[in-house]
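These notes are about the structure you will find just below.
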Amino acid sequence: MENAVKRIGVLTSGGDAPGMNAAIRGVVRACLHRGIECVGIRRGYNGLIAGDILRMNASNVSHIINRGGTILYTARSKEFMTQEGQQRAAGTCKLLGLDGIVAIGGDGTFRGVQALSKHGISVVGIPATIDNDIACTDYTIGFDTASNTAVDAIDRLRDTMQSHERCSVVEVMGRNAGHLALYVGLAVGATAVLMPEVDMDFERDVVEKIRRARLSGKTHFMIVVAEGAGSAMEISEKIRTELCLDPRVTILGHIQRGGVPSARDRVMATRMGHQAVEILAAGKTNRVVCAKLGNMIDVDIDEALAMKKGLNQQQLDALEAMTGL
Ligand code: F6P
């Protein structure tokens with residue numbers, strides 16, 4: 001089966017993540033290394049339906065390893081969620097003679113991979129989302145850069161919160177997951193971190209933590225809220241009422257999705273891009289590239305999507321020890 005693969009398509013889909021360009025480059029350069037042609041598909045699955053393509057070569061991936069966003073653009077395709085859309089996308093693959101598709105993105109992207117595979121297309125997914133919420137892999141591209149962006153912003157906030165002796169409530173992204181909030185909360189030495197996976201008791205998890213911090217001499221407080229854990233505005237208002245503080249709310253939002261990818265994201269993306277091509281070249285399909293204990297492995301997409309990812313218990317324990325004084 002080796003080298004039966006002659007032409008591969010690559011696309012990015014869903015929310016962008018820093019390092020997606022490095023992953024595209026990894027795929028393209030791994031293809032060139034093996035003598036496989038590579039076709040870029042623009043605008044995610046919408047582009048696959050419409051045949052919105054770009055021939056990829058060494059020069060159009062030159063100087064993109066250090067760029068945020070995705071040169072192929074991205075989309076969340078409603079049309080691809082329909083049987084007709086999927087059939088049309090599979091039709092484009094056949095028309096273009098694509099022997100495989102590499103789809104770079106998160107959970108929704110992988111559901112697309114699964115659907116395409118059911119239409120007989122060879123597919124591999126690369127996990128890229130700042131949420132780090134894909135269960136089969138230890139790491140998703142973009143998480144490190146997004147964490148560092150949030151940490152940098154919160155460090156700046158801390159300066160002004162410290163000067164004014166204020167309480168700050170900062171909302172970070174993560175959709176329904178708290179991995180980003182937990183990691184960022186540990187990195188900034190937050191007073192409290194609220195995550196969707198942990199049922200909140202406002203008295204215990206916010207009021208008591210602020211109170212203890214005040215009793216130990218602190219006069220500014222940093223509350224990190226995962227967007228899936230509730231509204232930062234509401235939490236701020238409750239703090240105002242219960243503790244007579246005058247909090248300020250900051251929603252970091254899409255800032256976390258942009259910027260120059262970190263070294264970790266570039267390296268993980270390059271390795272995942274390379275691995276995806278190796279998987280297709282070996283004749284495998286319906287796989288997800290996964291980082292496990294420092295190595296790249298691949299997992300069946302149906303199994304991958306059935307797995308659940310909890311928060312890292314050791315990180316939670318460390319957070320409790322740091323905030324429970
Ligand atoms: O999945 C990545 C993510 O940035 C989430 O953290 C967030 O909830 C969502 O995408 C935002 O999506 P949009 O770009 O559509 O506003």
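Quick note on naming: the chains in the structure tokens go A, B, ... in the order shown, residues restart at 1 in each chain, and ligands are numbered from 1 in order of appearance.
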
Contacts of A:Val102 at 6 Å or less, counting only C-alpha atoms, minus same-chain residues fewer than 4 places along, as a ChimeraX atom specification? /A:10,123-125

Give me a file of those residues, with N, CA, C and O atoms, as a PDB file, in the first residue's frame.
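New file result37.pdb:
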```
ATOM      1  N   VAL A  10      -5.684  19.193   2.193  1.00  0.00           N
ATOM      2  CA  VAL A  10      -5.574  19.632   3.584  1.00  0.00           C
ATOM      3  C   VAL A  10      -6.507  20.823   3.804  1.00  0.00           C
ATOM      4  O   VAL A  10      -6.618  21.697   2.941  1.00  0.00           O
ATOM      5  N   VAL A 123      -9.388   9.637   5.526  1.00  0.00           N
ATOM      6  CA  VAL A 123      -9.280  10.896   6.279  1.00  0.00           C
ATOM      7  C   VAL A 123      -8.452  10.733   7.549  1.00  0.00           C
ATOM      8  O   VAL A 123      -8.471   9.690   8.190  1.00  0.00           O
ATOM      9  N   VAL A 124      -7.769  11.821   7.893  1.00  0.00           N
ATOM     10  CA  VAL A 124      -7.025  11.883   9.162  1.00  0.00           C
ATOM     11  C   VAL A 124      -7.289  13.248   9.779  1.00  0.00           C
ATOM     12  O   VAL A 124      -7.260  14.269   9.077  1.00  0.00           O
ATOM     13  N   GLY A 125      -7.537  13.274  11.087  1.00  0.00           N
ATOM     14  CA  GLY A 125      -7.745  14.537  11.787  1.00  0.00           C
ATOM     15  C   GLY A 125      -6.516  14.924  12.594  1.00  0.00           C
ATOM     16  O   GLY A 125      -5.827  14.066  13.150  1.00  0.00           O
TER      17      GLY A 125
END
```

Wanna dump the chain A-ligand 1 contacts at 9 Å for me, each residue with its shortest atom pair and the distance in Å to one decimal, counting only C-alpha atoms and all ligand atoms, ordered by chain and number, as a tab-separated table?
```
residue	atom	partner	partner_atom_place_in_ligand_line	distance
A:Gly14	CA	ligand 1	1 (O)	7.1
A:Gly15	CA	ligand 1	2 (C)	4.9
A:Asp16	CA	ligand 1	2 (C)	7.1
A:Ala17	CA	ligand 1	2 (C)	7.6
A:Ala75	CA	ligand 1	15 (O)	8.9
A:Arg76	CA	ligand 1	15 (O)	8.0
A:Gly105	CA	ligand 1	1 (O)	8.9
A:Gly106	CA	ligand 1	1 (O)	7.0
A:Asp107	CA	ligand 1	1 (O)	8.4
A:Thr129	CA	ligand 1	2 (C)	5.6
A:Ile130	CA	ligand 1	2 (C)	5.8
A:Asp131	CA	ligand 1	6 (O)	5.4
A:Asn132	CA	ligand 1	1 (O)	8.8
A:Asp133	CA	ligand 1	1 (O)	8.8
A:Val172	CA	ligand 1	6 (O)	7.9
A:Met173	CA	ligand 1	6 (O)	4.1
A:Gly174	CA	ligand 1	6 (O)	3.7
A:Arg175	CA	ligand 1	8 (O)	3.6
A:Asn176	CA	ligand 1	8 (O)	7.3
A:Ala177	CA	ligand 1	6 (O)	8.3
A:Leu180	CA	ligand 1	6 (O)	8.7
A:Glu227	CA	ligand 1	8 (O)	7.2
A:Gly228	CA	ligand 1	8 (O)	7.9
A:Gly253	CA	ligand 1	4 (O)	7.7
A:His254	CA	ligand 1	4 (O)	6.6
A:Gln256	CA	ligand 1	4 (O)	7.7
A:Arg257	CA	ligand 1	4 (O)	6.4
```

Determine which residues of stretch 26-195 of chain A DSSP labels as alpha helix (DSSP H) from the backbone of this structure, then write them out as a PyMOL selection string. chain A and resi 26-34+44-50+83-96+107-118+143-164+179-188

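Closest to A:Ala146 among A:Thr109, A:Thr191, A:Leu325, A:Ala128 is A:Ala128, based on only C-alpha atoms.
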
Residues of stretch 225-295 of chain A classed as strand (DSSP E) by DSSP on the backbone are to be reported as a PyMOL selection string. chain A and resi 225-226+248-251+287-292+295

Would you mind listing what lies within 8 Å of A:Arg42 as a CSV table (one decimal) with N, CA and C atoms, in the first residue's frame, with only C-alpha atoms counted and same-chain residues fewer than 6 positions away left out?
```
chain,number,residue,atom,x,y,z
A,11,LEU,N,-7.2,20.8,4.9
A,11,LEU,CA,-8.1,21.9,5.3
A,11,LEU,C,-8.1,22.2,6.8
A,12,THR,N,-8.4,23.5,7.1
A,12,THR,CA,-8.6,23.8,8.5
A,12,THR,C,-10.1,24.2,8.7
A,48,LEU,N,-14.6,22.5,0.7
A,48,LEU,CA,-14.6,21.1,0.1
A,48,LEU,C,-15.8,20.9,-0.7
A,52,ASP,N,-13.2,24.8,-3.5
A,52,ASP,CA,-12.4,26.0,-3.4
A,52,ASP,C,-10.9,25.6,-3.0
A,53,ILE,N,-10.1,25.5,-4.1
A,53,ILE,CA,-8.8,24.8,-3.8
A,53,ILE,C,-7.6,25.7,-4.2
A,54,LEU,N,-6.5,25.3,-3.7
A,54,LEU,CA,-5.2,26.0,-3.9
A,54,LEU,C,-4.1,24.9,-4.0
A,72,LEU,N,-5.4,29.1,5.0
A,72,LEU,CA,-6.5,28.4,4.3
A,72,LEU,C,-7.8,28.9,4.7
A,73,TYR,N,-7.9,29.8,5.6
A,73,TYR,CA,-9.2,30.3,6.2
A,73,TYR,C,-9.9,29.1,6.8
A,74,THR,N,-10.9,29.5,7.6
A,74,THR,CA,-11.7,28.4,8.3
A,74,THR,C,-13.1,28.8,8.3
```

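Here atom CA of A:His220 and atom CA of A:Ile251 stand 18.2 Å from one another.
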
Quick one: residues within 12 Å of A:Ala318, only C-alpha atoms counted, chain neighbours fewer than 3 positions away excluded, as a PyMOL selection string? chain A and resi 182-183+185-187+189-190+312-315+321-325

Quick one: residues within 9 Å of stretch 89-96 of chain A, only C-alpha atoms, excluding same-chain residues fewer than 5 positions away - as a ChimeraX atom specification? /A:7,9,45-51,80,84,101,116-117,119-121

Using only C-alpha atoms, which residues sit within 9 Å of A:Phe202 once same-chain residues fewer than 5 positions away are excluded, as an mmCIF file with N, CA, C and O atoms, in the first residue's frame?
```cif
data_model
loop_
_atom_site.group_PDB
_atom_site.id
_atom_site.type_symbol
_atom_site.label_atom_id
_atom_site.label_comp_id
_atom_site.auth_asym_id
_atom_site.auth_seq_id
_atom_site.Cartn_x
_atom_site.Cartn_y
_atom_site.Cartn_z
ATOM 1 N N VAL A 207 -16.262 33.332 47.727
ATOM 2 C CA VAL A 207 -16.283 34.208 48.908
ATOM 3 C C VAL A 207 -15.194 33.807 49.907
ATOM 4 O O VAL A 207 -14.379 34.625 50.340
ATOM 5 N N GLU A 208 -15.160 32.521 50.227
ATOM 6 C CA GLU A 208 -14.214 32.063 51.253
ATOM 7 C C GLU A 208 -12.767 32.225 50.775
ATOM 8 O O GLU A 208 -11.878 32.560 51.567
ATOM 9 N N ILE A 235 -20.869 36.884 38.208
ATOM 10 C CA ILE A 235 -19.979 36.545 39.327
ATOM 11 C C ILE A 235 -19.448 37.823 39.974
ATOM 12 O O ILE A 235 -19.404 37.963 41.201
ATOM 13 N N LYS A 238 -22.127 39.353 42.146
ATOM 14 C CA LYS A 238 -22.301 38.621 43.413
ATOM 15 C C LYS A 238 -21.167 38.967 44.383
ATOM 16 O O LYS A 238 -21.389 39.116 45.589
#
```

Distance query stretch 262-277 of chain A at most 7 Å, only C-alpha atoms, self and fewer than 5 positions along chain excluded, as a PDB file with all heavy atoms, in the first residue's frame:
```
ATOM      1  N   GLY A  19      -0.840  28.047  15.408  1.00  0.00           N
ATOM      2  CA  GLY A  19      -0.121  26.807  15.085  1.00  0.00           C
ATOM      3  C   GLY A  19      -0.775  26.065  13.934  1.00  0.00           C
ATOM      4  O   GLY A  19      -0.194  25.137  13.378  1.00  0.00           O
ATOM      5  N   MET A  20      -1.986  26.498  13.546  1.00  0.00           N
ATOM      6  CA  MET A  20      -2.634  25.829  12.401  1.00  0.00           C
ATOM      7  C   MET A  20      -1.774  25.969  11.139  1.00  0.00           C
ATOM      8  O   MET A  20      -1.654  25.023  10.353  1.00  0.00           O
ATOM      9  CB  MET A  20      -4.010  26.423  12.134  1.00  0.00           C
ATOM     10  CG  MET A  20      -5.114  25.791  12.973  1.00  0.00           C
ATOM     11  SD  MET A  20      -6.735  26.424  12.502  1.00  0.00           S
ATOM     12  CE  MET A  20      -7.799  25.194  13.276  1.00  0.00           C
ATOM     13  N   ALA A  22       1.445  26.217  11.002  1.00  0.00           N
ATOM     14  CA  ALA A  22       2.586  25.295  11.123  1.00  0.00           C
ATOM     15  C   ALA A  22       2.153  23.868  10.778  1.00  0.00           C
ATOM     16  O   ALA A  22       2.921  23.097  10.202  1.00  0.00           O
ATOM     17  CB  ALA A  22       3.158  25.364  12.535  1.00  0.00           C
ATOM     18  N   ALA A  23       0.904  23.524  11.126  1.00  0.00           N
ATOM     19  CA  ALA A  23       0.399  22.184  10.802  1.00  0.00           C
ATOM     20  C   ALA A  23       0.208  22.035   9.286  1.00  0.00           C
ATOM     21  O   ALA A  23       0.538  20.994   8.708  1.00  0.00           O
ATOM     22  CB  ALA A  23      -0.905  21.918  11.545  1.00  0.00           C
ATOM     23  N   ILE A  24      -0.330  23.101   8.653  1.00  0.00           N
ATOM     24  CA  ILE A  24      -0.495  23.063   7.180  1.00  0.00           C
ATOM     25  C   ILE A  24       0.879  22.851   6.534  1.00  0.00           C
ATOM     26  O   ILE A  24       1.061  22.006   5.658  1.00  0.00           O
ATOM     27  CB  ILE A  24      -1.121  24.382   6.667  1.00  0.00           C
ATOM     28  CG1 ILE A  24      -2.546  24.550   7.196  1.00  0.00           C
ATOM     29  CG2 ILE A  24      -1.091  24.446   5.136  1.00  0.00           C
ATOM     30  CD1 ILE A  24      -3.123  25.955   7.008  1.00  0.00           C
ATOM     31  N   GLY A  26       3.479  21.559   7.877  1.00  0.00           N
ATOM     32  CA  GLY A  26       3.955  20.204   8.182  1.00  0.00           C
ATOM     33  C   GLY A  26       3.387  19.195   7.201  1.00  0.00           C
ATOM     34  O   GLY A  26       4.105  18.317   6.706  1.00  0.00           O
ATOM     35  N   VAL A  27       2.100  19.335   6.905  1.00  0.00           N
ATOM     36  CA  VAL A  27       1.452  18.409   5.958  1.00  0.00           C
ATOM     37  C   VAL A  27       2.064  18.576   4.564  1.00  0.00           C
ATOM     38  O   VAL A  27       2.453  17.597   3.915  1.00  0.00           O
ATOM     39  CB  VAL A  27      -0.085  18.664   5.909  1.00  0.00           C
ATOM     40  CG1 VAL A  27      -0.737  17.900   4.767  1.00  0.00           C
ATOM     41  CG2 VAL A  27      -0.734  18.304   7.245  1.00  0.00           C
ATOM     42  N   ALA A  30       5.700  17.393   4.389  1.00  0.00           N
ATOM     43  CA  ALA A  30       5.782  15.920   4.513  1.00  0.00           C
ATOM     44  C   ALA A  30       5.340  15.269   3.196  1.00  0.00           C
ATOM     45  O   ALA A  30       5.911  14.266   2.767  1.00  0.00           O
ATOM     46  CB  ALA A  30       4.932  15.440   5.675  1.00  0.00           C
ATOM     47  N   CYS A  31       4.322  15.863   2.561  1.00  0.00           N
ATOM     48  CA  CYS A  31       3.880  15.355   1.246  1.00  0.00           C
ATOM     49  C   CYS A  31       5.012  15.485   0.226  1.00  0.00           C
ATOM     50  O   CYS A  31       5.321  14.518  -0.493  1.00  0.00           O
ATOM     51  CB  CYS A  31       2.667  16.145   0.751  1.00  0.00           C
ATOM     52  SG  CYS A  31       1.115  15.653   1.501  1.00  0.00           S
ATOM     53  N   ILE A  65       5.240  29.363   9.349  1.00  0.00           N
ATOM     54  CA  ILE A  65       5.356  28.612  10.615  1.00  0.00           C
ATOM     55  C   ILE A  65       5.201  29.546  11.818  1.00  0.00           C
ATOM     56  O   ILE A  65       4.768  29.156  12.887  1.00  0.00           O
ATOM     57  CB  ILE A  65       6.695  27.828  10.661  1.00  0.00           C
ATOM     58  CG1 ILE A  65       6.653  26.752  11.742  1.00  0.00           C
ATOM     59  CG2 ILE A  65       7.905  28.753  10.857  1.00  0.00           C
ATOM     60  CD1 ILE A  65       7.775  25.732  11.660  1.00  0.00           C
ATOM     61  N   VAL A 102      -6.572  15.602   5.049  1.00  0.00           N
ATOM     62  CA  VAL A 102      -6.136  15.903   6.418  1.00  0.00           C
ATOM     63  C   VAL A 102      -6.950  17.106   6.880  1.00  0.00           C
ATOM     64  O   VAL A 102      -6.909  18.170   6.255  1.00  0.00           O
ATOM     65  CB  VAL A 102      -4.625  16.226   6.476  1.00  0.00           C
ATOM     66  CG1 VAL A 102      -4.228  16.590   7.912  1.00  0.00           C
ATOM     67  CG2 VAL A 102      -3.796  15.053   5.969  1.00  0.00           C
ATOM     68  N   VAL A 124      -7.769  11.821   7.893  1.00  0.00           N
ATOM     69  CA  VAL A 124      -7.025  11.883   9.162  1.00  0.00           C
ATOM     70  C   VAL A 124      -7.289  13.248   9.779  1.00  0.00           C
ATOM     71  O   VAL A 124      -7.260  14.269   9.077  1.00  0.00           O
ATOM     72  CB  VAL A 124      -5.509  11.680   8.938  1.00  0.00           C
ATOM     73  CG1 VAL A 124      -4.733  11.913  10.237  1.00  0.00           C
ATOM     74  CG2 VAL A 124      -5.213  10.283   8.430  1.00  0.00           C
ATOM     75  N   ILE A 126      -6.251  16.220  12.627  1.00  0.00           N
ATOM     76  CA  ILE A 126      -5.188  16.764  13.492  1.00  0.00           C
ATOM     77  C   ILE A 126      -5.863  17.661  14.525  1.00  0.00           C
ATOM     78  O   ILE A 126      -6.585  18.592  14.163  1.00  0.00           O
ATOM     79  CB  ILE A 126      -4.168  17.586  12.665  1.00  0.00           C
ATOM     80  CG1 ILE A 126      -3.387  16.666  11.732  1.00  0.00           C
ATOM     81  CG2 ILE A 126      -3.221  18.364  13.583  1.00  0.00           C
ATOM     82  CD1 ILE A 126      -2.333  17.379  10.898  1.00  0.00           C
ATOM     83  N   ILE A 141      -3.197  21.598  19.314  1.00  0.00           N
ATOM     84  CA  ILE A 141      -2.437  22.753  18.807  1.00  0.00           C
ATOM     85  C   ILE A 141      -3.146  24.054  19.195  1.00  0.00           C
ATOM     86  O   ILE A 141      -4.363  24.167  19.026  1.00  0.00           O
ATOM     87  CB  ILE A 141      -2.315  22.648  17.263  1.00  0.00           C
ATOM     88  CG1 ILE A 141      -1.497  21.422  16.866  1.00  0.00           C
ATOM     89  CG2 ILE A 141      -1.714  23.933  16.666  1.00  0.00           C
ATOM     90  CD1 ILE A 141      -1.619  21.039  15.395  1.00  0.00           C
ATOM     91  N   GLY A 142      -2.406  25.000  19.682  1.00  0.00           N
ATOM     92  CA  GLY A 142      -2.948  26.325  20.023  1.00  0.00           C
ATOM     93  C   GLY A 142      -3.078  26.563  21.508  1.00  0.00           C
ATOM     94  O   GLY A 142      -3.115  27.711  21.963  1.00  0.00           O
ATOM     95  N   ASP A 144      -1.023  26.086  24.041  1.00  0.00           N
ATOM     96  CA  ASP A 144       0.122  26.727  24.713  1.00  0.00           C
ATOM     97  C   ASP A 144       0.153  28.231  24.418  1.00  0.00           C
ATOM     98  O   ASP A 144       0.319  29.055  25.324  1.00  0.00           O
ATOM     99  CB  ASP A 144       1.425  26.069  24.242  1.00  0.00           C
ATOM    100  CG  ASP A 144       2.624  26.582  25.013  1.00  0.00           C
ATOM    101  OD1 ASP A 144       2.641  26.419  26.247  1.00  0.00           O
ATOM    102  OD2 ASP A 144       3.532  27.170  24.406  1.00  0.00           O
ATOM    103  N   THR A 145      -0.033  28.583  23.158  1.00  0.00           N
ATOM    104  CA  THR A 145      -0.002  30.010  22.792  1.00  0.00           C
ATOM    105  C   THR A 145      -1.157  30.749  23.469  1.00  0.00           C
ATOM    106  O   THR A 145      -0.967  31.836  24.025  1.00  0.00           O
ATOM    107  CB  THR A 145      -0.109  30.172  21.260  1.00  0.00           C
ATOM    108  OG1 THR A 145       0.887  29.352  20.648  1.00  0.00           O
ATOM    109  CG2 THR A 145       0.087  31.619  20.836  1.00  0.00           C
ATOM    110  N   VAL A 289      -4.599  11.992  14.778  1.00  0.00           N
ATOM    111  CA  VAL A 289      -3.230  12.060  15.303  1.00  0.00           C
ATOM    112  C   VAL A 289      -3.326  12.484  16.771  1.00  0.00           C
ATOM    113  O   VAL A 289      -4.012  13.448  17.092  1.00  0.00           O
ATOM    114  CB  VAL A 289      -2.384  13.095  14.528  1.00  0.00           C
ATOM    115  CG1 VAL A 289      -0.968  13.159  15.087  1.00  0.00           C
ATOM    116  CG2 VAL A 289      -2.373  12.793  13.039  1.00  0.00           C
TER     117      VAL A 289
END
```

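Note that the spacing between atom CA of A:Thr285 and atom CA of A:Ile301 amounts to 9.0 Å.
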
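Residue nearest A:Thr219, chosen from A:Cys136, A:Val184, A:Cys167, A:Ile297 and counting only C-alpha atoms: A:Cys167.
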
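Among the candidate residues A:Gly310, A:Pro261, A:Pro196, A:Pro127, the one lying nearest to A:Met296 is A:Pro127, with distances computed using only C-alpha atoms.
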